[in-house]
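Asker: This is data-v4.txt (compact mmCIF, C-alpha atoms and all ligand atoms).
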# COMPACT_ATOMS: atom_id res chain seq x y z
CA MET I 148 20.42 19.73 -34.39
CA GLU I 149 19.11 18.46 -37.72
CA VAL I 150 22.01 17.25 -39.87
CA ILE I 151 21.24 16.97 -43.58
CA LEU I 152 23.88 15.23 -45.70
CA THR I 153 24.06 15.98 -49.41
CA ASN I 154 26.16 14.50 -52.21
CA ASP I 155 27.81 17.61 -53.60
CA TYR I 156 28.03 21.40 -53.48
CA GLU I 157 25.12 21.86 -55.87
CA GLU I 158 22.79 19.68 -53.82
CA MET I 159 23.90 21.45 -50.62
CA SER I 160 23.20 24.84 -52.21
CA LYS I 161 19.81 23.82 -53.57
CA THR I 162 18.79 22.30 -50.24
CA ALA I 163 19.76 25.49 -48.38
CA ALA I 164 18.04 27.74 -50.93
CA GLY I 165 14.93 25.53 -50.67
CA ILE I 166 14.84 26.03 -46.89
CA ILE I 167 15.21 29.82 -47.26
CA ALA I 168 12.58 29.97 -50.04
CA ALA I 169 10.13 27.92 -47.94
CA GLN I 170 10.58 30.40 -45.08
CA ILE I 171 9.90 33.37 -47.41
CA ARG I 172 6.86 31.70 -49.00
CA LYS I 173 5.42 30.90 -45.59
CA LYS I 174 6.09 34.40 -44.25
CA PRO I 175 6.68 36.94 -47.07
CA ASP I 176 7.94 39.59 -44.63
CA SER I 177 10.51 37.27 -43.08
CA VAL I 178 13.65 38.64 -41.48
CA ILE I 179 16.57 36.67 -42.90
CA GLY I 180 20.13 36.74 -41.59
CA LEU I 181 22.75 36.35 -44.32
CA ALA I 182 26.39 35.33 -44.59
CA THR I 183 29.17 36.00 -47.09
CA GLY I 184 32.17 33.88 -48.17
CA SER I 185 32.55 31.11 -50.75
CA THR I 186 30.10 28.68 -49.17
CA PRO I 187 26.79 30.54 -49.77
CA LEU I 188 27.56 31.54 -53.39
CA GLY I 189 25.67 28.53 -54.81
CA THR I 190 22.77 29.15 -52.42
CA TYR I 191 22.49 32.76 -53.62
CA LYS I 192 22.70 31.63 -57.26
CA GLU I 193 19.79 29.27 -56.67
CA LEU I 194 17.75 31.95 -54.85
CA ILE I 195 18.30 34.27 -57.84
CA ARG I 196 17.12 31.49 -60.17
CA MET I 197 14.06 30.92 -58.00
CA HIS I 198 13.30 34.64 -58.11
CA ARG I 199 13.60 34.79 -61.90
CA GLU I 200 11.97 31.50 -62.84
CA ASP I 201 9.64 30.65 -59.95
CA GLY I 202 8.65 34.17 -58.88
CA LEU I 203 10.20 33.98 -55.40
CA ASP I 204 9.30 37.42 -54.03
CA PHE I 205 11.78 39.32 -51.84
CA SER I 206 9.87 42.62 -51.85
CA LYS I 207 8.80 42.37 -48.20
CA VAL I 208 11.88 40.52 -46.92
CA THR I 209 14.27 42.24 -44.48
CA THR I 210 17.88 41.10 -44.25
CA PHE I 211 20.67 41.46 -41.71
CA ASN I 212 24.20 40.43 -42.60
CA LEU I 213 26.44 38.85 -40.02
CA ASP I 214 29.58 40.89 -40.39
CA GLU I 215 31.85 43.34 -42.20
CA TYR I 216 35.58 44.07 -42.18
CA LEU I 217 36.39 47.18 -40.17
CA GLY I 218 38.06 49.83 -42.31
CA LEU I 219 36.64 48.78 -45.70
CA SER I 220 34.17 51.09 -47.44
CA PRO I 221 30.99 49.54 -48.91
CA SER I 222 32.41 50.10 -52.41
CA HIS I 223 35.65 48.19 -51.69
CA ASP I 224 35.54 45.03 -53.82
CA GLN I 225 36.41 42.84 -50.82
CA SER I 226 33.86 44.42 -48.51
CA TYR I 227 30.90 42.26 -47.53
CA ASN I 228 28.57 45.11 -48.62
CA TYR I 229 29.98 44.84 -52.15
CA PHE I 230 29.80 41.02 -52.03
CA MET I 231 26.12 41.01 -51.07
CA TRP I 232 25.05 43.46 -53.77
CA GLU I 233 27.09 41.69 -56.47
CA ASN I 234 26.10 38.15 -55.55
CA LEU I 235 22.49 38.54 -54.44
CA PHE I 236 20.75 41.85 -53.87
CA LYS I 237 21.15 43.44 -57.29
CA HIS I 238 19.62 40.33 -58.90
CA ILE I 239 16.44 40.14 -56.80
CA ASN I 240 13.55 42.49 -55.97
CA ILE I 241 14.63 43.35 -52.45
CA ASN I 242 13.84 46.84 -51.14
CA PRO I 243 17.27 48.44 -50.44
CA GLU I 244 15.76 50.05 -47.34
CA ASN I 245 15.25 46.57 -45.89
CA VAL I 246 18.91 45.56 -46.33
CA HIS I 247 21.19 45.84 -43.29
CA ILE I 248 24.93 45.17 -43.44
CA PRO I 249 27.38 46.35 -40.78
CA GLN I 250 29.34 49.38 -41.97
CA GLY I 251 33.12 49.03 -42.08
CA LEU I 252 33.75 52.77 -42.05
CA VAL I 253 32.21 54.14 -38.87
CA ASP I 254 33.48 56.79 -36.46
CA ASP I 255 31.97 55.14 -33.43
CA ALA I 256 31.94 51.38 -33.91
CA GLU I 257 30.51 50.70 -30.45
CA ALA I 258 27.52 52.98 -31.05
CA PHE I 259 27.02 51.40 -34.47
CA CYS I 260 26.97 47.88 -32.94
CA GLU I 261 24.31 48.97 -30.41
CA TRP I 262 22.27 50.50 -33.22
CA TYR I 263 22.54 47.26 -35.24
CA GLU I 264 21.25 45.18 -32.33
CA GLU I 265 18.38 47.67 -31.89
CA ARG I 266 17.50 47.40 -35.60
CA ILE I 267 17.29 43.60 -35.35
CA LYS I 268 14.98 43.93 -32.36
CA LYS I 269 12.81 46.55 -34.10
CA ALA I 270 12.49 44.27 -37.12
CA GLY I 271 11.01 41.63 -34.78
CA GLY I 272 14.12 39.45 -34.55
CA ILE I 273 15.64 37.13 -37.15
CA ASP I 274 13.38 34.34 -38.44
CA LEU I 275 16.08 32.35 -40.21
CA GLN I 276 19.84 32.90 -39.97
CA LEU I 277 22.12 31.49 -42.67
CA LEU I 278 25.68 30.69 -41.51
CA GLY I 279 28.94 29.40 -42.94
CA ILE I 280 31.72 28.09 -40.70
CA GLY I 281 35.39 29.04 -40.54
CA SER I 282 38.03 26.31 -40.45
CA ASP I 283 38.71 27.44 -36.85
CA GLY I 284 35.05 26.83 -35.98
CA HIS I 285 33.91 30.45 -36.08
CA ILE I 286 30.37 31.52 -36.98
CA ALA I 287 30.22 35.09 -38.28
CA PHE I 288 33.58 36.42 -36.99
CA ASN I 289 33.17 34.93 -33.53
CA GLU I 290 36.64 33.55 -33.21
CA PRO I 291 37.60 30.78 -30.74
CA GLY I 292 36.97 31.96 -27.19
CA SER I 293 34.03 34.21 -28.09
CA SER I 294 31.44 34.23 -25.35
CA PHE I 295 28.16 32.46 -26.14
CA GLY I 296 26.50 35.56 -24.69
CA SER I 297 28.35 37.97 -27.01
CA ARG I 298 26.46 40.63 -28.96
CA THR I 299 27.34 42.64 -32.09
CA ARG I 300 30.80 44.11 -31.50
CA VAL I 301 34.28 44.61 -32.92
CA LYS I 302 36.31 41.41 -32.98
CA THR I 303 39.98 40.73 -33.72
CA LEU I 304 40.44 38.12 -36.44
CA GLU I 305 42.40 34.93 -35.73
CA GLU I 306 45.60 34.18 -37.66
CA GLN I 307 43.87 31.18 -39.31
CA THR I 308 40.98 33.34 -40.52
CA ILE I 309 43.38 35.92 -41.97
CA LYS I 310 45.24 33.10 -43.78
CA ASP I 311 41.95 31.55 -45.03
CA ASN I 312 40.60 34.87 -46.31
CA ALA I 313 43.86 36.01 -47.91
CA ARG I 314 42.71 34.20 -51.07
CA PHE I 315 40.29 37.07 -51.72
CA PHE I 316 42.94 39.80 -51.32
CA LYS I 317 46.19 40.56 -53.19
CA ASN I 318 48.16 39.23 -50.21
CA GLU I 319 47.82 38.39 -46.53
CA ASP I 320 48.94 41.87 -45.44
CA GLU I 321 45.85 43.40 -47.02
CA VAL I 322 43.38 41.34 -44.96
CA PRO I 323 41.90 43.57 -42.23
CA HIS I 324 42.58 42.42 -38.66
CA PHE I 325 39.27 43.62 -37.26
CA ALA I 326 35.60 43.14 -38.10
CA ILE I 327 32.19 44.14 -36.84
CA THR I 328 30.30 40.93 -36.19
CA MET I 329 27.02 39.78 -34.71
CA GLY I 330 27.75 37.94 -31.47
CA VAL I 331 27.09 34.28 -30.71
CA GLY I 332 24.28 35.45 -28.41
CA THR I 333 22.78 37.52 -31.25
CA ILE I 334 22.88 34.51 -33.58
CA LEU I 335 21.38 32.14 -31.01
CA GLU I 336 18.32 34.41 -30.76
CA ALA I 337 17.36 33.71 -34.39
CA ARG I 338 14.23 31.52 -34.48
CA LYS I 339 15.86 29.10 -36.90
CA ILE I 340 19.49 28.63 -37.88
CA LEU I 341 20.79 27.09 -41.10
CA LEU I 342 24.52 26.36 -41.30
CA ILE I 343 26.06 25.16 -44.56
CA ALA I 344 29.56 23.77 -45.13
CA ASN I 345 31.47 22.14 -47.96
CA GLY I 346 35.02 20.96 -48.66
CA GLU I 347 37.56 18.67 -47.08
CA ASN I 348 39.14 21.49 -45.07
CA LYS I 349 35.87 21.87 -43.13
CA ALA I 350 35.60 18.15 -42.23
CA PRO I 351 37.46 18.28 -38.85
CA VAL I 352 35.60 21.36 -37.66
CA CYS I 353 32.21 19.93 -38.75
CA LYS I 354 32.89 16.82 -36.71
CA ALA I 355 33.94 18.99 -33.76
CA PHE I 356 30.91 21.28 -33.69
CA ILE I 357 28.27 18.64 -34.44
CA GLU I 358 29.54 15.64 -32.49
CA GLY I 359 32.07 17.18 -30.09
CA PRO I 360 31.61 19.01 -26.80
CA ILE I 361 30.01 22.45 -26.54
CA THR I 362 32.90 24.86 -26.16
CA SER I 363 33.64 28.49 -26.90
CA GLN I 364 36.84 27.20 -28.54
CA VAL I 365 34.60 26.03 -31.43
CA THR I 366 31.95 28.74 -31.46
CA ALA I 367 29.72 26.84 -33.93
CA SER I 368 29.20 24.22 -31.20
CA ALA I 369 26.87 26.80 -29.59
CA LEU I 370 24.32 25.62 -32.18
CA GLN I 371 23.89 22.47 -30.09
CA LEU I 372 22.05 24.72 -27.63
CA HIS I 373 19.61 25.99 -30.25
CA PRO I 374 16.12 24.44 -30.49
CA HIS I 375 15.92 24.68 -34.28
CA ALA I 376 19.36 24.46 -35.89
CA MET I 377 19.73 22.82 -39.30
CA VAL I 378 23.10 21.88 -40.77
CA VAL I 379 23.40 21.08 -44.47
CA LEU I 380 26.72 19.48 -45.38
CA GLU I 381 28.28 18.43 -48.66
CA GLU I 382 29.92 15.00 -48.70
CA LYS I 383 33.55 16.02 -48.08
CA ALA I 384 32.69 18.32 -45.18
CA ALA I 385 30.67 15.44 -43.65
CA SER I 386 33.39 12.83 -44.20
CA MET I 387 34.58 12.66 -40.57
CA LEU I 388 31.15 12.43 -38.93
CA GLU I 389 30.59 9.29 -36.86
CA ARG I 390 26.80 9.20 -37.00
CA LYS I 391 26.47 9.47 -40.77
CA LYS I 392 24.33 6.33 -40.90
CA TYR I 393 21.82 7.87 -38.51
CA TYR I 394 21.64 11.19 -40.40
CA ASN I 395 21.20 9.31 -43.69
CA TRP I 396 18.46 7.10 -42.25
CA ILE I 397 16.53 10.22 -41.32
CA ARG I 398 17.04 11.66 -44.82
CA ASP I 399 15.93 8.41 -46.47
CA ASN I 400 12.85 8.14 -44.26
CA LYS I 401 11.59 11.68 -44.73
CA HIS I 402 7.99 10.45 -44.85
CA LEU I 403 8.27 9.12 -41.29
CA VAL I 404 10.04 12.28 -40.09
CA GLN I 405 7.23 14.34 -41.60
CA LYS I 406 4.60 12.10 -40.05
CA TYR I 407 6.05 12.12 -36.53
CA LEU I 408 7.90 15.44 -36.36
CA GLY I 409 5.74 17.47 -38.73
CA ARG I 410 8.60 18.77 -40.88
C1 LIG K 1 30.93 35.45 -43.49
C2 LIG K 1 31.09 34.79 -42.20
C3 LIG K 1 32.13 33.75 -41.99
C4 LIG K 1 32.16 32.70 -43.09
C5 LIG K 1 33.25 31.65 -42.81
C6 LIG K 1 33.36 30.66 -43.94
O1 LIG K 1 29.88 36.41 -43.44
O2 LIG K 1 30.39 35.14 -41.31
O3 LIG K 1 31.89 33.13 -40.75
O4 LIG K 1 30.91 32.08 -43.17
O5 LIG K 1 34.48 32.29 -42.63
O6 LIG K 1 33.82 31.29 -45.09
P1 LIG K 1 33.87 30.51 -46.48
O7 LIG K 1 32.44 30.27 -46.87
O8 LIG K 1 34.53 31.47 -47.44
O9 LIG K 1 34.63 29.26 -46.25
Using structure tokens, write down the structure that the file contains.
Answerer:
Amino acid sequence: MEVILTNDYEEMSKTAAGIIAAQIRKKPDSVIGLATGSTPLGTYKELIRMHREDGLDFSKVTTFNLDEYLGLSPSHDQSYNYFMWENLFKHININPENVHIPQGLVDDAEAFCEWYEERIKKAGGIDLQLLGIGSDGHIAFNEPGSSFGSRTRVKTLEEQTIKDNARFFKNEDEVPHFAITMGVGTILEARKILLIANGENKAPVCKAFIEGPITSQVTASALQLHPHAMVVLEEKAASMLERKKYYNWIRDNKHLVQKYLGR
């Protein structure tokens, strides 16, 4: 796992956007997995800036979002469909036909989840998957205990997640209890993974998933099994890490890393 420490939220966001932009420039028809929530807002802002000012071209890019609340229509202002169009898609030149976000209003959720997995396969798999992390260690909505082999499915949200996400709703009672989410197994199949995290409340879980044991109780720890996982942390989220000196040495000696590792 490559751990990249940054000084603040802006630097974290620009670093993450730079990694995504490099992927798109290298392969214009990249398949990118996307996340919602507060964490990637700065990354999306920077990608929009890069599109407007540097000509970053999304016209051939295909996207797959991680998850959606079950029961919310795409026009609901707390749905992840709405979030993605407001905060990214409507500001860039993506082809709407290439956008995939789980649907919260489906008659047969199980059939939809199978279809979603099929679509990812048909698109050639995900080249780069962006992730945030929940304070309970979840990636997408894979709550503690989710199998590392899990695929896209309906998942019950943890009490902590409902509490954390209540800030977006009028009150806690309005937060849906179920979501459609890519599984840990689905995520691990992405060729590259990029997890971003900021804020003091994420510090304990960042320490746990980066430097702690691999366990389904902290589903993000599954990233330790991935051959190309990058983690970009802002200072407060990184504050409890024990090997900060090592991660910083790598950052400060980029020329050597490039020379010996080719990246
Ligand atoms: C969102 C998602 C979630 C969030 C996580 C962190 O699509 O999959 O796993 O990334 O809950 O949310 P924020 O960024 O709001 O702290």
Asker: With a cut-off of 9 Å, could you pull out the residues of chain I touching ligand LIG 1 (chain K) and give me the nearest pair of atoms for each, distance in Å to one decimal, using only C-alpha atoms and all ligand atoms, ordered by chain and ascending number, as a Markdown table?
Answerer:
| residue | atom | partner | partner_atom | distance |
| --- | --- | --- | --- | --- |
| I:Leu181 | CA | K:LIG1 | O1 | 7.2 |
| I:Ala182 | CA | K:LIG1 | O1 | 3.8 |
| I:Thr183 | CA | K:LIG1 | O1 | 3.7 |
| I:Gly184 | CA | K:LIG1 | O8 | 3.5 |
| I:Ser185 | CA | K:LIG1 | O8 | 3.9 |
| I:Thr186 | CA | K:LIG1 | O7 | 3.6 |
| I:Pro187 | CA | K:LIG1 | O7 | 6.4 |
| I:Leu188 | CA | K:LIG1 | O7 | 8.2 |
| I:Asn212 | CA | K:LIG1 | O1 | 7.0 |
| I:Leu213 | CA | K:LIG1 | O1 | 5.4 |
| I:Asp214 | CA | K:LIG1 | O1 | 5.4 |
| I:Glu215 | CA | K:LIG1 | O1 | 7.3 |
| I:Tyr227 | CA | K:LIG1 | O1 | 7.2 |
| I:Leu277 | CA | K:LIG1 | O4 | 8.8 |
| I:Leu278 | CA | K:LIG1 | O4 | 5.7 |
| I:Gly279 | CA | K:LIG1 | O4 | 3.3 |
| I:Ile280 | CA | K:LIG1 | C5 | 4.4 |
| I:Gly281 | CA | K:LIG1 | O5 | 4.0 |
| I:Ser282 | CA | K:LIG1 | C6 | 7.3 |
| I:Asp283 | CA | K:LIG1 | O5 | 8.7 |
| I:Gly284 | CA | K:LIG1 | O3 | 8.5 |
| I:His285 | CA | K:LIG1 | O3 | 5.8 |
| I:Ile286 | CA | K:LIG1 | O3 | 4.4 |
| I:Ala287 | CA | K:LIG1 | O2 | 3.0 |
| I:Phe288 | CA | K:LIG1 | O3 | 5.3 |
| I:Asn289 | CA | K:LIG1 | O3 | 7.6 |
| I:Glu290 | CA | K:LIG1 | O3 | 8.9 |
| I:Thr308 | CA | K:LIG1 | O5 | 6.9 |
| I:Asp311 | CA | K:LIG1 | O9 | 7.8 |
| I:Asn312 | CA | K:LIG1 | O8 | 7.0 |
| I:Thr328 | CA | K:LIG1 | O2 | 7.7 |
| I:Met329 | CA | K:LIG1 | O2 | 8.7 |
| I:Leu342 | CA | K:LIG1 | O4 | 8.8 |
| I:Ile343 | CA | K:LIG1 | O7 | 8.5 |
| I:Ala344 | CA | K:LIG1 | O7 | 7.3 |
| I:Asn345 | CA | K:LIG1 | O9 | 8.0 |
| I:Gly346 | CA | K:LIG1 | O9 | 8.7 |
| I:Lys349 | CA | K:LIG1 | O9 | 8.1 |
Asker: Counting only C-alpha atoms, what is within 8 Å of range 366-374 of chain I, bar same-chain residues fewer than 2 positions away, as a list in words?
Answerer: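 Selected residues are Met148, Ile280, Gly284, His285, Ile286, Asn289, Glu290, Pro291, Gly292, Ser293, Phe295, Val331, Leu335, Lys339, Ala355, Phe356, Ile357, Gly359, Pro360, Ile361, Thr362, Ser363, Gln364 and Ala376 of chain I.
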Asker: Tell me, in Å to one decimal, how far CA of His375 in chain I is from CA of Leu408 in chain I.
Answerer: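 Answer for the CA of His375 in chain I to CA of Leu408 in chain I separation: 12.4 Å.
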Asker: With distances taken over only C-alpha atoms, which residue among I:Arg199, I:Met377, I:Ala313, I:Glu265 lies nearest Glu149 in chain I?
Answerer: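 Looking only at the distances to Glu149 in chain I, the closest residue turns out to be I:Met377.
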Asker: Taking only C-alpha atoms into account, name the residue in I:Leu203, I:Val379, I:Ile195, I:Val404 that is nearest to Cys353 in chain I.
Answerer: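 Ranked by minimum distance to Cys353 in chain I, first place goes to I:Val379.
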Asker: Between CA of Ile151 in chain I and CA of Leu194 in chain I, what is the distance, to one decimal in Å?
Answerer: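 Answer for the CA of Ile151 in chain I to CA of Leu194 in chain I separation: 19.1 Å.
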Asker: CA of Gln250 in chain I and CA of Gly332 in chain I are how many Å apart?
Answerer: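 Distance between the two atoms: 20.1 Å.
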Asker: Can you tell me which residues surround His198 in chain I at a distance of at most 9 Å, considering all atoms listed in the file, apart from same-chain residues fewer than 5 positions away, and format the answer as a compact mmCIF listing (two decimals) with C-alpha atoms, in the frame of the given file?
Answerer:
# COMPACT_ATOMS: atom_id res chain seq x y z
CA GLU I 193 19.79 29.27 -56.67
CA LEU I 203 10.20 33.98 -55.40
CA ASP I 204 9.30 37.42 -54.03
CA PHE I 205 11.78 39.32 -51.84
CA HIS I 238 19.62 40.33 -58.90
CA ILE I 239 16.44 40.14 -56.80
CA ASN I 240 13.55 42.49 -55.97
Asker: When distances are computed from all atoms listed in the file, which of I:Asp255, I:Asn154, I:Ile241, I:Tyr216 shows the smallest separation from Pro175 in chain I?
Answerer: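 Closest candidate: I:Ile241.
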Asker: Any idea what's packed within 6 Å of Phe211 in chain I, counting only C-alpha atoms, ignoring anything in its chain fewer than 6 positions away? Could you give it as a JSON list (two decimals) with C-alpha atoms, in the frame of the given file?
Answerer:
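The result, written out as part_29.json:
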[["chain", "number", "residue", "atom", "x", "y", "z"],
["I", 180, "GLY", "CA", 20.13, 36.74, -41.59],
["I", 247, "HIS", "CA", 21.19, 45.84, -43.29],
["I", 248, "ILE", "CA", 24.93, 45.17, -43.44]]
Asker: If we draw a sphere of 6 Å around (23.3, 39.3, -31.6), which residues have at least one atom in it when counting only C-alpha atoms? Please report them as a PyMOL selection string.
Answerer: chain I and resi 298-299+329-330+332-334
Asker: Determine the axis-aligned bounding box of all atoms of range 159-165 of chain I present in the file, pad each side by 6 Å, and express its centre and edge lengths in Å to one decimal place as JSON.
Answerer:
{"center_x": 19.4, "center_y": 24.6, "center_z": -51.0, "size_x": 21.0, "size_y": 18.3, "size_z": 17.2}
Asker: Give the answer as one residue: which of I:Asp224, I:Gln276, I:Lys192, I:Glu200 has the shortest atom-to-atom distance to Ser160 in chain I, using only C-alpha atoms?
Answerer: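 When distances to Ser160 in chain I are compared using only C-alpha atoms, the smallest one comes from I:Lys192.
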Asker: Any idea what's packed within 12 Å of Lys207 in chain I, counting all atoms listed in the file, ignoring anything in its chain fewer than 5 positions away? Could you give it as a CSV table (one decimal) with C-alpha atoms, in the coordinates of the input?
Answerer:
chain,number,residue,atom,x,y,z
I,171,ILE,CA,9.9,33.4,-47.4
I,172,ARG,CA,6.9,31.7,-49.0
I,174,LYS,CA,6.1,34.4,-44.2
I,175,PRO,CA,6.7,36.9,-47.1
I,176,ASP,CA,7.9,39.6,-44.6
I,177,SER,CA,10.5,37.3,-43.1
I,178,VAL,CA,13.6,38.6,-41.5
I,179,ILE,CA,16.6,36.7,-42.9
I,239,ILE,CA,16.4,40.1,-56.8
I,240,ASN,CA,13.6,42.5,-56.0
I,241,ILE,CA,14.6,43.4,-52.4
I,242,ASN,CA,13.8,46.8,-51.1
I,243,PRO,CA,17.3,48.4,-50.4
I,244,GLU,CA,15.8,50.0,-47.3
I,245,ASN,CA,15.2,46.6,-45.9
I,246,VAL,CA,18.9,45.6,-46.3
I,270,ALA,CA,12.5,44.3,-37.1
Asker: What's around range 389-395 of chain I at 7 Å? Count all atoms listed in the file, leave out sequence neighbours fewer than 4 positions away in its own chain, and write the answer as a PyMOL selection string.
Answerer: chain I and resi 150-152+399
Asker: Nearest to His324 in chain I: which of I:Met231, I:Ile309, I:Ile397, I:Ile340 is it, counting all atoms listed in the file?
Answerer: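 Of the candidates, the smallest distance to His324 in chain I is held by I:Ile309.
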